[in-house]
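Data from final-v5.cif: mmCIF, C-alpha atoms
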data_entry
#
loop_
_atom_site.label_atom_id
_atom_site.label_comp_id
_atom_site.auth_asym_id
_atom_site.auth_seq_id
_atom_site.Cartn_x
_atom_site.Cartn_y
_atom_site.Cartn_z
CA MET A 1067 18.36 -64.98 33.60
CA LEU A 1068 19.02 -61.37 32.67
CA TRP A 1069 16.07 -61.33 30.32
CA LEU A 1070 13.78 -63.09 32.77
CA TRP A 1071 14.65 -60.49 35.35
CA LEU A 1072 14.09 -57.68 32.87
CA LEU A 1073 10.71 -59.13 31.92
CA LEU A 1074 9.64 -59.24 35.56
CA TRP A 1075 10.96 -55.75 36.02
CA LEU A 1076 8.91 -54.53 33.06
CA LEU A 1077 5.81 -56.16 34.49
CA LEU A 1078 6.31 -54.65 37.93
CA TRP A 1079 7.62 -51.23 36.95
CA LEU A 1080 4.49 -49.18 37.62
CA PRO A 1081 6.33 -45.82 37.81
CA TRP A 1082 6.81 -46.23 34.05
CA CYS A 1083 3.24 -45.07 33.50
CA GLN A 1084 4.37 -41.50 32.91
CA VAL A 1085 6.77 -39.27 31.61
CA VAL A 1086 9.82 -37.33 30.82
CA ALA A 1087 8.15 -34.96 28.41
CA ASN A 1088 5.49 -33.54 30.73
CA ILE A 1089 6.32 -31.42 33.75
CA THR A 1090 4.14 -33.47 36.08
CA GLY A 1091 6.12 -36.52 35.00
CA ARG A 1092 8.75 -35.38 37.48
CA ALA A 1093 6.94 -37.55 40.01
CA GLU A 1094 7.69 -40.70 38.02
CA THR A 1095 11.27 -39.91 37.11
CA LEU A 1096 12.22 -38.86 40.63
CA SER A 1097 10.47 -41.88 42.06
CA ALA A 1098 12.31 -44.13 39.60
CA ALA A 1099 15.66 -42.57 40.54
CA PHE A 1100 15.09 -43.21 44.24
CA LEU A 1101 13.73 -46.70 43.58
CA LEU A 1102 16.76 -47.69 41.50
CA SER A 1103 19.03 -46.24 44.19
CA SER A 1104 17.27 -48.32 46.80
CA LEU A 1105 17.72 -51.44 44.66
CA LEU A 1106 21.42 -50.64 44.32
CA PHE A 1107 21.74 -50.24 48.09
CA TYR A 1108 19.82 -53.48 48.52
CA THR A 1109 22.27 -55.39 46.34
CA ARG A 1110 25.13 -53.75 48.27
CA SER A 1111 23.61 -54.98 51.52
CA PHE A 1112 23.46 -58.47 49.99
CA ARG A 1113 27.16 -58.41 49.14
CA ALA A 1114 28.32 -56.64 52.30
CA PRO A 1115 31.35 -58.30 53.89
CA SER A 1116 30.03 -57.97 57.42
CA PHE A 1117 26.95 -57.10 59.44
CA ALA A 1118 27.47 -53.36 59.99
CA PRO A 1119 27.99 -52.27 56.35
CA GLY A 1120 25.12 -54.56 55.36
CA CYS A 1121 22.82 -52.87 57.86
CA ALA A 1122 23.97 -49.42 56.73
CA ALA A 1123 23.22 -50.30 53.10
CA LEU A 1124 19.82 -51.69 54.10
CA VAL A 1125 18.98 -48.52 56.03
CA ALA A 1126 20.03 -46.45 53.00
CA SER A 1127 17.79 -48.64 50.87
CA VAL A 1128 14.83 -48.09 53.21
CA VAL A 1129 15.42 -44.32 53.19
CA ALA A 1130 15.53 -44.33 49.39
CA VAL A 1131 12.27 -46.31 49.20
CA VAL A 1132 10.55 -43.86 51.54
CA ALA A 1133 11.79 -40.98 49.36
CA ALA A 1134 10.52 -42.80 46.26
CA VAL A 1135 7.07 -43.21 47.83
CA LEU A 1136 7.07 -39.52 48.77
CA CYS A 1137 7.74 -38.74 45.10
CA LYS A 1138 4.95 -40.95 43.84
CA GLU A 1139 2.84 -43.45 45.71
CA THR A 1140 3.17 -46.14 43.02
CA ALA A 1141 6.67 -46.79 44.37
CA LEU A 1142 4.88 -48.95 46.93
CA VAL A 1143 5.51 -51.72 44.40
CA ALA A 1144 9.12 -51.68 45.69
CA PRO A 1145 8.84 -54.79 47.94
CA ALA A 1146 7.87 -56.87 44.90
CA LEU A 1147 10.94 -55.55 43.07
CA PHE A 1148 13.08 -56.38 46.09
CA GLY A 1149 11.66 -59.91 46.04
CA VAL A 1150 12.58 -60.35 42.38
CA THR A 1151 16.03 -58.88 43.05
CA GLU A 1152 16.60 -61.12 46.05
CA VAL A 1153 15.76 -64.21 44.00
CA ALA A 1154 18.00 -63.04 41.14
CA LEU A 1155 20.88 -62.41 43.54
CA ARG A 1156 20.49 -65.80 45.16
CA LEU A 1157 20.31 -67.60 41.81
CA ARG A 1158 23.42 -65.73 40.69
CA ARG A 1159 25.27 -66.67 43.85
CA GLU A 1160 24.20 -70.30 43.72
CA PRO A 1161 24.83 -71.48 40.17
CA ARG A 1162 24.69 -75.10 41.22
CA GLY A 1163 21.71 -74.96 43.49
CA SER A 1164 23.65 -74.75 46.73
CA SER A 1165 22.90 -72.35 49.54
CA CYS A 1166 26.49 -72.07 50.67
CA GLY A 1167 29.41 -69.89 49.66
CA ARG A 1168 28.15 -66.55 50.91
CA GLY A 1169 31.02 -66.02 53.31
CA VAL A 1170 33.44 -66.82 50.54
CA ASP A 1171 31.79 -64.28 48.26
CA ALA A 1172 32.24 -61.69 50.96
CA ALA A 1173 35.89 -62.63 51.48
CA VAL A 1174 36.59 -62.37 47.76
CA GLY A 1175 34.79 -59.04 47.66
CA THR A 1176 37.03 -57.62 50.35
CA GLY A 1177 40.18 -59.02 48.78
CA ALA A 1178 40.87 -61.37 51.70
CA VAL A 1179 40.77 -64.30 49.32
CA SER A 1180 41.75 -64.30 45.67
CA PRO A 1181 38.98 -65.10 43.18
CA SER A 1182 40.58 -68.40 42.20
CA GLU A 1183 40.97 -69.47 45.83
CA GLY A 1184 37.45 -68.31 46.54
CA GLN A 1185 36.05 -70.32 43.65
CA GLY A 1186 37.91 -73.36 44.95
CA GLN A 1187 36.33 -72.92 48.35
CA VAL A 1188 32.93 -72.49 46.78
CA ASP A 1189 33.41 -75.67 44.80
CA GLU A 1190 34.39 -77.54 47.94
CA GLN A 1191 31.37 -76.24 49.79
CA VAL A 1192 29.08 -76.98 46.86
CA ASP A 1193 30.47 -80.49 46.68
CA GLU A 1194 29.71 -80.92 50.37
CA GLY A 1195 26.20 -79.66 49.72
CA VAL A 1196 25.81 -82.10 46.87
CA ASP A 1197 27.10 -84.92 49.02
CA GLU A 1198 24.35 -84.17 51.50
CA GLN A 1199 21.79 -84.65 48.76
CA VAL A 1200 23.15 -87.85 47.35
CA GLY A 1201 20.75 -89.47 44.98
CA SER A 1202 18.57 -86.42 44.42
CA VAL A 1203 18.49 -84.63 41.08
CA THR A 1204 17.66 -80.91 41.38
CA SER A 1205 15.60 -79.58 38.50
CA PRO A 1206 15.76 -75.87 37.52
CA LEU A 1207 12.14 -75.43 38.63
CA HIS A 1208 12.90 -77.01 41.98
CA THR A 1209 15.93 -74.76 42.38
CA LEU A 1210 13.86 -71.70 41.49
CA LEU A 1211 11.07 -72.61 43.92
CA ARG A 1212 13.53 -73.39 46.69
CA THR A 1213 15.34 -70.11 46.06
CA CYS A 1214 12.04 -68.21 46.18
CA TRP A 1215 11.18 -69.90 49.47
CA GLU A 1216 14.60 -69.09 50.94
CA ALA A 1217 14.27 -65.50 49.73
CA LEU A 1218 10.90 -65.20 51.50
CA LEU A 1219 12.51 -66.32 54.74
CA CYS A 1220 15.40 -63.88 54.36
CA PRO A 1221 15.32 -61.22 57.14
CA ARG A 1222 16.42 -58.53 54.69
CA LEU A 1223 13.42 -59.18 52.43
CA CYS A 1224 11.13 -59.55 55.43
CA VAL A 1225 12.11 -56.03 56.52
CA MET A 1226 11.26 -54.69 53.07
CA LEU A 1227 7.97 -56.60 52.84
CA THR A 1228 6.97 -55.34 56.29
CA LEU A 1229 7.83 -51.82 55.20
CA GLY A 1230 5.73 -52.28 52.08
CA MET A 1231 2.75 -53.55 54.07
CA ALA A 1232 3.11 -50.60 56.47
CA GLY A 1233 3.21 -48.25 53.50
CA LEU A 1234 0.11 -49.82 51.97
CA TRP A 1235 -1.69 -49.60 55.29
CA THR A 1236 -0.74 -45.94 55.62
CA ARG A 1237 -1.89 -45.26 52.10
CA VAL A 1238 -5.17 -47.16 52.23
CA VAL A 1239 -6.28 -46.59 55.83
CA VAL A 1240 -4.67 -43.41 57.14
CA LEU A 1241 -4.73 -41.25 54.01
CA SER A 1242 -8.14 -42.48 52.87
CA ASP A 1243 -9.69 -41.74 56.25
CA GLY A 1244 -8.26 -38.25 56.12
CA MET B 559 33.93 -57.89 40.52
CA GLN B 560 34.88 -60.03 37.60
CA ARG B 561 33.27 -59.36 34.27
CA SER B 562 33.54 -61.58 31.30
CA GLY B 563 33.93 -60.49 27.75
CA ASP B 564 36.10 -57.41 28.19
CA GLU B 565 38.42 -58.40 25.39
CA SER B 566 36.03 -60.68 23.55
CA GLU B 567 33.54 -57.91 22.84
CA PRO B 568 35.03 -55.59 20.24
CA LEU B 569 31.64 -53.88 19.88
CA VAL B 570 31.92 -52.76 23.47
CA ALA B 571 35.63 -52.30 23.96
CA TRP B 572 36.19 -48.98 22.21
CA TRP B 573 33.24 -47.08 23.53
CA TRP B 574 32.94 -48.60 26.98
CA PRO B 575 34.83 -45.65 28.58
CA TRP B 576 32.20 -43.37 27.04
CA ARG B 577 29.26 -45.36 28.35
CA TRP B 578 28.00 -42.69 30.75
CA PHE B 579 28.15 -40.00 28.10
CA GLY B 580 26.57 -42.22 25.45
CA LEU B 581 23.75 -43.28 27.73
CA ALA B 582 23.13 -39.65 28.70
CA CYS B 583 22.86 -38.74 25.02
CA LEU B 584 20.44 -41.61 24.42
CA ALA B 585 18.34 -40.44 27.34
CA ALA B 586 18.37 -36.77 26.38
CA LEU B 587 18.14 -36.74 22.58
CA PRO B 588 14.58 -38.10 22.20
CA TYR B 589 13.32 -35.46 24.62
CA LEU B 590 15.22 -32.38 23.48
CA ASN B 591 12.22 -31.00 21.63
CA ALA B 592 10.20 -31.28 24.84
CA ILE B 593 12.25 -28.38 26.24
CA ARG B 594 10.21 -26.01 24.06
CA GLY B 595 6.98 -27.70 25.14
CA GLY B 596 4.16 -25.85 26.83
CA ILE B 597 1.77 -26.71 29.63
CA VAL B 598 -0.46 -29.73 29.04
CA TYR B 599 -2.92 -31.81 31.03
CA ASP B 600 -2.13 -31.81 34.76
CA ASP B 601 0.78 -29.42 34.31
CA ARG B 602 -1.65 -26.50 34.45
CA VAL B 603 -3.01 -27.50 37.85
CA VAL B 604 0.33 -28.46 39.32
CA LEU B 605 2.08 -25.29 38.18
CA ASN B 606 -0.70 -23.23 39.79
CA ASN B 607 -0.06 -24.98 43.09
CA PRO B 608 0.99 -22.25 45.59
CA ASP B 609 3.59 -24.67 46.98
CA VAL B 610 5.20 -24.88 43.55
CA LEU B 611 4.94 -21.15 42.93
CA GLY B 612 6.49 -20.44 46.32
CA THR B 613 3.65 -18.21 47.50
CA ARG B 614 3.00 -20.41 50.53
CA PRO B 615 5.45 -21.12 53.38
CA LEU B 616 7.69 -24.13 52.84
CA SER B 617 6.47 -25.73 56.06
CA GLU B 618 2.93 -26.10 54.63
CA LEU B 619 4.19 -28.11 51.68
CA TRP B 620 4.30 -31.26 53.81
CA SER B 621 0.56 -31.21 54.53
CA LYS B 622 -0.66 -30.57 50.99
CA ASP B 623 -1.34 -32.90 48.06
CA PHE B 624 0.18 -32.68 44.57
CA TRP B 625 -2.43 -30.13 43.51
CA GLY B 626 -1.98 -27.93 46.57
CA HIS B 627 -5.08 -28.99 48.51
CA ASP B 628 -4.92 -29.81 52.18
CA MET B 629 -4.60 -33.52 52.79
CA TRP B 630 -6.11 -33.86 56.23
CA THR B 631 -8.70 -31.17 56.87
CA GLY B 632 -11.60 -33.07 55.33
CA GLY B 633 -11.99 -31.05 52.16
CA TRP B 634 -11.57 -32.34 48.63
CA THR B 635 -8.11 -33.67 47.91
CA HIS B 636 -6.40 -35.29 44.95
CA MET B 637 -5.09 -37.97 47.36
CA SER B 638 -1.61 -37.82 45.88
CA TYR B 639 0.93 -37.07 48.58
CA ARG B 640 4.18 -36.21 46.73
CA PRO B 641 6.03 -33.58 48.80
CA ILE B 642 9.50 -34.33 47.41
CA THR B 643 8.26 -33.89 43.84
CA VAL B 644 6.56 -30.61 44.78
CA LEU B 645 9.79 -29.52 46.48
CA SER B 646 11.81 -30.18 43.32
CA LEU B 647 9.29 -28.23 41.20
CA ARG B 648 9.49 -25.40 43.73
CA MET B 649 13.27 -25.39 43.34
CA ASP B 650 12.82 -25.04 39.57
CA THR B 651 10.49 -22.08 40.15
CA TRP B 652 13.06 -20.54 42.48
CA LEU B 653 15.82 -20.97 39.88
CA GLY B 654 13.69 -18.91 37.51
CA PHE B 655 14.32 -20.53 34.13
CA GLY B 656 10.62 -20.74 33.38
CA LEU B 657 9.00 -23.64 31.54
CA PRO B 658 12.23 -24.84 29.83
CA GLY B 659 13.81 -25.14 33.27
CA TYR B 660 11.18 -27.65 34.40
CA HIS B 661 11.68 -29.73 31.25
CA VAL B 662 15.47 -29.66 31.49
CA THR B 663 15.32 -30.88 35.09
CA ASN B 664 13.06 -33.73 33.99
CA ILE B 665 15.58 -34.75 31.35
CA ILE B 666 18.45 -34.56 33.84
CA VAL B 667 16.56 -36.81 36.24
CA HIS B 668 15.86 -39.19 33.35
CA ILE B 669 19.59 -39.32 32.58
CA ILE B 670 20.32 -40.14 36.22
CA VAL B 671 17.71 -42.90 36.07
CA ALA B 672 19.36 -44.35 32.95
CA TRP B 673 22.76 -44.35 34.67
CA LEU B 674 21.29 -46.04 37.73
CA ALA B 675 19.67 -48.68 35.49
CA LEU B 676 23.06 -49.48 33.96
CA MET B 677 24.73 -49.61 37.38
CA LEU B 678 22.03 -51.96 38.62
CA CYS B 679 22.37 -54.26 35.59
CA LEU B 680 26.14 -54.45 36.11
CA GLU B 681 25.67 -55.00 39.82
CA LEU B 682 23.09 -57.75 39.48
CA PHE B 683 24.64 -59.64 36.58
CA PRO B 684 28.43 -59.31 36.76
CA ARG B 685 28.93 -62.61 34.97
CA HIS B 686 27.01 -61.44 31.93
CA SER B 687 28.68 -59.36 29.30
CA ARG B 688 28.85 -55.62 29.54
CA PHE B 689 27.10 -55.53 26.17
CA SER B 690 24.02 -57.21 27.66
CA ALA B 691 23.96 -54.75 30.55
CA LEU B 692 24.31 -51.79 28.24
CA CYS B 693 21.61 -53.13 25.90
CA ALA B 694 19.26 -53.51 28.85
CA ALA B 695 20.00 -49.95 30.01
CA CYS B 696 19.50 -48.62 26.45
CA VAL B 697 16.14 -50.34 26.08
CA PHE B 698 15.10 -48.95 29.43
CA THR B 699 16.32 -45.46 28.52
CA ALA B 700 14.69 -45.17 25.12
CA HIS B 701 11.45 -47.00 25.91
CA PRO B 702 8.43 -44.96 24.76
CA LEU B 703 6.55 -45.75 27.96
CA HIS B 704 8.64 -43.00 29.52
CA THR B 705 7.03 -40.41 27.27
CA GLU B 706 3.53 -40.12 28.61
CA VAL B 707 0.72 -42.17 29.99
CA GLY B 708 -1.15 -43.67 27.05
CA ARG B 709 -4.51 -45.27 26.49
CA SER B 710 -2.74 -47.70 24.25
CA ALA B 711 0.76 -48.50 23.12
CA ARG B 712 -0.02 -46.88 19.77
CA VAL B 713 -0.86 -43.61 21.44
CA SER B 714 2.34 -43.90 23.43
CA TRP B 715 4.41 -44.37 20.30
CA ARG B 716 2.77 -41.38 18.61
CA ARG B 717 3.59 -39.21 21.58
CA TRP B 718 7.26 -40.20 21.64
CA PRO B 719 9.01 -36.90 20.83
CA PRO B 720 10.81 -38.12 17.68
CA PHE B 721 7.42 -38.96 16.16
CA ALA B 722 5.47 -36.09 17.66
#
Show how you would write the structure in this file as structure tokens.
Amino acid sequence: MLWLWLLLWLLLWLPWCQVVANITGRAETLSAAFLLSSLLFYTRSFRAPSFAPGCAALVASVVAVVAAVLCKETALVAPALFGVTEVALRLRREPRGSSCGRGVDAAVGTGAVSPSEGQGQVDEQVDEGVDEQVGSVTSPLHTLLRTCWEALLCPRLCVMLTLGMAGLWTRVVVLSDG
Amino acid sequence: MQRSGDESEPLVAWWWPWRWFGLACLAALPYLNAIRGGIVYDDRVVLNNPDVLGTRPLSELWSKDFWGHDMWTGGWTHMSYRPITVLSLRMDTWLGFGLPGYHVTNIIVHIIVAWLALMLCLELFPRHSRFSALCAACVFTAHPLHTEVGRSARVSWRRWPPFA
């Protein structure tokens, strides 16, 4: 999964087109720094134990994306990177194709539940999820497609995609008309 | 966050505490000879930008493009709105280290990017080994695509400072 994610990252990483060696390459490196920061904040918002810290991390992520776009406009590719990251995070969290266990992850993260207890709870919840799908065999492709669909419906990703569309509209319509 | 392979990875164990320093070296070493580099391609235009030179008020920076032309008055513009980048170049001008100062700042930002890449790998894949995360960050750090835009990969390789 790591390598799949890296491959997608390589394909989508447009700010790579320039430079450390040239002075004008500052645009790319600064943009990359802000974009990576926004991805870090995004993952933090995913793992946040409650609503408020999650929102704070998401706001920080949005601010970092805006800064990245103000460094170089190619950072508008960010929503696609967020989509890939969201899918990777969900696949990581759901090793057995279940959509449950998020609350447990949060509890373990805050130390409220020990990792072993948390894993036990996850297993119980996964078992319940499996029981609901008695008789159905989930293929990796099916899991991937379902995870992608769930990621698309995720409010966090919707916010980022909306932001990306607004950025594209600003770039194409407002700036071009100027 | 639980990470596997702490004890089972002898290749990683001894230098893991030095990871930030090692990654910074990997990011900086290929580009050290760029510090003596001159002005090439777009550098000439950008470094003549009054916003970069500091000969224009800071408030006007936000309405100008990367080359210093007005974005919204209807005249010719480069259509690249990058005020934060211009601001950072202006700070370099203000610091007064000349051309090497611009290059050193670029390398410092590249080091920060490499560190962020490692942090992101560790954040996204905590169940993978630290070695995998560090390998990913190293590949990202030393990739020749960072050197300069190229018409082909071969050109890119030739322009990588160790081969330049």
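Here is the contact set of chain B against chain A, at 7 Å and counting only C-alpha atoms: B:Tyr589, B:Ala592, B:Asp600, B:Asp601, B:Met629, B:Trp630, B:Gly632, B:Tyr639, B:Arg640, B:Pro641, B:Ile642, B:Thr643, B:Tyr660, B:His661, B:Asn664, B:Ile665, B:Val667, B:His668, B:Ile670, B:Val671, B:Leu674, B:Ala675, B:Leu678, B:Leu682, B:Leu703, B:His704, B:Thr705, B:Glu706, B:Val707.
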Report, in Å with one decimal, the straight-line distance from atom CA of Ser1104 of chain A to atom CA of Arg648 of chain B. 24.4 Å
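Atom CA of Leu1227 of chain A is positioned 7.9 Å from atom CA of Ala1146 of chain A.
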Compare A:Ser1205, A:Pro1145, A:Ala1122, A:Val1132 by their minimum atom-to-atom distance to Val1225 of chain A, counting all atoms listed in the file, and give me the closest one.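 Ranking A:Ser1205, A:Pro1145, A:Ala1122, A:Val1132 by distance to Val1225 of chain A, first place goes to A:Pro1145.
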Name every residue that the PyMOL selection byres ((chain A and resi 1226) around 9) selects in this structure, writing the answer as a PyMOL selection string with chains first and numbers rising. chain A and resi 1128+1144-1145+1148-1149+1221-1225+1227-1231
Enter the distance from atom CA of Phe624 of chain B to atom CA of Asn606 of chain B, in Å, rounded to one decimal.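 Separation between atom CA of Phe624 of chain B and atom CA of Asn606 of chain B: 10.6 Å.
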Have a look at A:Thr1140, A:Arg1212, A:Tyr1108, A:Leu1219 and name the one nearest to Val1125 of chain A; count all atoms listed in the file.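 Nearest to Val1125 of chain A: A:Tyr1108.
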